[in-house]
Every structure is written in C-alpha cells, then in structure tokens.
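J.: Below are the structure tokens for one structure; questions will follow.
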Amino acid sequence: MLTCKEATRMMSEAQDRKLGAGERLKLEMHLSLCRGCRNFRQQMDFLRAACRRLVGRDEPGQD
Amino acid sequence: MIDDSFIAEVRSDMLRFAQLQLRDAALAEDAVQEALLGALSGERSFSGRSALKTWVFSILRNKIVDLIRVQSRTTNVSALGEEGASLDQAFEELFKTNAHWRPDTRPRGWGDPAEALREKGFWDVFEICLNHLPENTARVFMMREFLEFDTTEVCQTLDISVGNCNVILHRARNGLRRCLESSWFAPGEKPC
C-alpha cells in the first residue's frame, strides 16, 4: 500500500510521463481510499490548466 | 478586431510571462518587444485574436528558450539542491510519521477551480506564488510547464539527472499548490 507521501511523488511524475501499469494500479487503489490525495491530484491538474491558460493556450472562447 | 487595446492586453500578458521566467525586467521587455515586432511585421494573416495571441506567444517562447540556454550555462547546479531545503522541510511537515497526511494539512477540495481561472485577482496570486518559489526551482517548473520541455530536455539543458528533475518538479508543484491553497482557496478569506 502506498503512503500519501509516495502517492504525491507519483502524481507529480504522472504530469511528466505515462505511469506504468503497476504504478497506476497502486495509485488508483490508494486514491480510492484517500480523499486528501484525490484532492492533491485535482490540484495537480489545476496547476497544469492554469499554466496552459497563462501561456495563451487553452483560451476560453473569445474570438 | 486586432486593435491597439488588444495589442496592449497581449503585451501585458507577454511581459508577465517573460518576467516570471527571466526574472529580469529589461531582458523581458526586450524579448517581448522583439516578439511583437516579429509577429506584427510578418505577412501572416490571422483568423482571430486567439490565433494572433498563440502566434506571438510561440515566438516569445522561442526567444525565452534561447535566453535560458545562455543563462543555464551559468546556473549553479549545486544551488538547486540547497535552495530546495526549506521547501522540502515544509513538505515533510505535512505528514505524520507514517507518511500519511496530517488531518490539518490534508489537501482540500478547491470547489470549481475553473472559476478561479476567470478571475483577474487569481492571476495576481498565481504570479506571487510563482515568484515565491526559489529561482532555480521555478526555472525548472516553468521550463516544463510554460515552455513545454519534456523532463529529458530540461535535464539536458540544465545538466541535471532525471531523478533530480523529478524531485525539483514535485517540490515546485507542492510549493505552488500550498501557496494557492492558503492565499486563494482558503475558505472564508474571500468575499462570496
């Protein structure tokens, strides 16, 4: 069973590379039981979205 | 459609973007000016504002990559480890001894974060939080997220290992999310 600390490292790396099947399985198992880490993952996705928006990609439709 | 006020708006976004990454106002100003002139003097026609903005940002991005390549030759790589020490300590303190979240530091739900992206005030906070990261940590994060290097390219450019790169990115992301959580998403500190 992953610890939360390990899960955060994996979730950060998931932003940079495709996790292996074993890693994904362990992570999903952990996330199914851990709200804090589920929130952490959403926050990671949010950071990515904010960065995309800042560099002018993924603009809200306004032509 | 593409009028002076639109250019002024794009220019200010570009300046913010360049300054965050170069941490040098004069250098940023030059890069933005060159990118804008380059984009607007071209023959290219644009189907709309978004297309123009995407185009000037892609020119600016290339300029920043060049400047960073030059700067990185003088980056003190050993400083990458040292400057992260306080962020690492703050990270460790989020957990109990069994490496699970402490109840009071467990990441919270951020409601509908898409709403934050539409608010101007959010971007000021985001900028402050980015500037709050140690310089080289921020550099690695922004190369990855703004310039869209993959981690291998980041490692090669800065001459660090992939493992080190992952550690720095994790540190930066955690630092940023903590800063946003306390400065923007904390309940009760915002009207409505």
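In the structure tokens, the first chain shown is A, the next is B, and so on; residue numbers restart at 1 for each chain, and ligands run from 1 in the order shown.
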Distance cut-off 9 Å, counting only C-alpha atoms - which residues of chain A neighbour chain B? Return them as a PyMOL selection string.

T.: chain A and resi 3-6+8-9+11-13+16-17+35-40+42-44+46-57+59-63

J.: Output C-alpha atoms for every residue in that selection, as a short mmCIF file (atom, residue, chain, number, x, y, z; two decimals), in the first residue's frame.

T.:
data_model
loop_
_atom_site.label_atom_id
_atom_site.label_comp_id
_atom_site.auth_asym_id
_atom_site.auth_seq_id
_atom_site.Cartn_x
_atom_site.Cartn_y
_atom_site.Cartn_z
CA THR A 3 1.81 6.08 1.60
CA CYS A 4 0.40 9.53 0.85
CA LYS A 5 3.93 10.84 0.53
CA GLU A 6 4.76 8.27 -2.14
CA THR A 8 2.19 12.63 -4.22
CA ARG A 9 5.53 11.84 -5.90
CA MET A 11 1.08 12.05 -9.07
CA SER A 12 3.69 14.68 -9.82
CA GLU A 13 5.55 12.30 -12.14
CA ASP A 16 5.59 14.29 -16.88
CA ARG A 17 5.46 10.69 -18.08
CA ARG A 35 -9.65 11.93 -0.17
CA GLY A 36 -6.59 14.08 0.56
CA CYS A 37 -4.68 12.51 -2.30
CA ARG A 38 -7.69 12.75 -4.62
CA ASN A 39 -7.72 16.47 -3.89
CA PHE A 40 -3.97 16.59 -4.48
CA GLN A 42 -7.13 17.60 -8.82
CA GLN A 43 -4.80 20.35 -7.68
CA MET A 44 -2.04 19.00 -9.95
CA PHE A 46 -5.48 22.53 -11.96
CA LEU A 47 -1.85 23.73 -11.96
CA ARG A 48 -1.39 22.29 -15.45
CA ALA A 49 -4.57 24.01 -16.66
CA ALA A 50 -3.54 27.34 -15.12
CA CYS A 51 -0.12 27.18 -16.78
CA ARG A 52 -1.68 26.39 -20.17
CA ARG A 53 -4.01 29.32 -19.79
CA LEU A 54 -1.19 31.66 -18.84
CA VAL A 55 0.82 30.88 -21.96
CA GLY A 56 -2.17 31.63 -24.15
CA ARG A 57 -3.10 28.06 -24.99
CA GLU A 59 -8.02 30.22 -24.17
CA PRO A 60 -11.64 30.47 -23.20
CA GLY A 61 -13.58 31.00 -26.45
CA GLN A 62 -13.46 34.74 -27.22
CA ASP A 63 -12.76 35.41 -30.86
#

J.: At what distance in Å, to one decimal, does CA of Leu33 (chain A) lie from CA of Ala14 (chain A)?

T.: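 Pair CA of Ala14 (chain A) / CA of Leu33 (chain A) returns 19.0 Å.
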
J.: With only C-alpha atoms as the atoms that count, which of B:Ser72, B:Ser12, B:Asp104, B:Trp184 lies nearest to Cys155 (chain B)?

T.: B:Ser72

J.: Measure the distance from CA of Thr137 (chain B) to CA of Leu158 (chain B) in Å and round it to one decimal.

T.: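 Separating CA of Thr137 (chain B) from CA of Leu158 (chain B) is a distance of 11.6 Å.
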
J.: What is the distance between CA of Glu83 (chain B) and CA of Lys63 (chain B), in Å to one decimal?

T.: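 CA of Lys63 (chain B) lies 26.7 Å from CA of Glu83 (chain B).
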
J.: When DSSP is applied to the backbone of this structure, which of region 9-156 of chain B are assigned alpha helix (DSSP H)? Write them out as a PyMOL selection string.

T.: chain B and resi 9-22+25-41+49-72+77-83+85-92+113-117+120-132+135-145+151-156

J.: Nearest to Phe141 (chain B): which of B:Ile7, B:Ile128, B:Gln21, B:Cys179 is it, counting only C-alpha atoms?

T.: B:Gln21

J.: Can you tell me, as a PyMOL selection string, what residues are no more than 10 Å from Ala25 (chain B) when counting only C-alpha atoms, ignoring any on the same chain fewer than 6 positions away?

T.: chain B and resi 15-16+18-19+31

J.: Would you mind exporting the chosen residues as an mmCIF file, in the first residue's frame, restricted to N, CA and C atoms?

T.:
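Dumped to part06.cif:
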data_model
loop_
_atom_site.group_PDB
_atom_site.id
_atom_site.type_symbol
_atom_site.label_atom_id
_atom_site.label_comp_id
_atom_site.auth_asym_id
_atom_site.auth_seq_id
_atom_site.Cartn_x
_atom_site.Cartn_y
_atom_site.Cartn_z
ATOM 1 N N LEU B 15 4.535 40.263 -21.115
ATOM 2 C CA LEU B 15 5.533 40.786 -20.168
ATOM 3 C C LEU B 15 5.519 39.990 -18.883
ATOM 4 N N ARG B 16 4.325 39.696 -18.419
ATOM 5 C CA ARG B 16 4.188 38.920 -17.197
ATOM 6 C C ARG B 16 4.866 37.550 -17.385
ATOM 7 N N ALA B 18 7.181 36.676 -19.592
ATOM 8 C CA ALA B 18 8.634 36.758 -19.774
ATOM 9 C C ALA B 18 9.337 37.084 -18.456
ATOM 10 N N GLN B 19 8.722 37.978 -17.684
ATOM 11 C CA GLN B 19 9.358 38.379 -16.425
ATOM 12 C C GLN B 19 9.411 37.237 -15.420
ATOM 13 N N ALA B 31 12.679 41.057 -24.970
ATOM 14 C CA ALA B 31 12.189 39.838 -25.604
ATOM 15 C C ALA B 31 10.761 40.034 -26.121
#
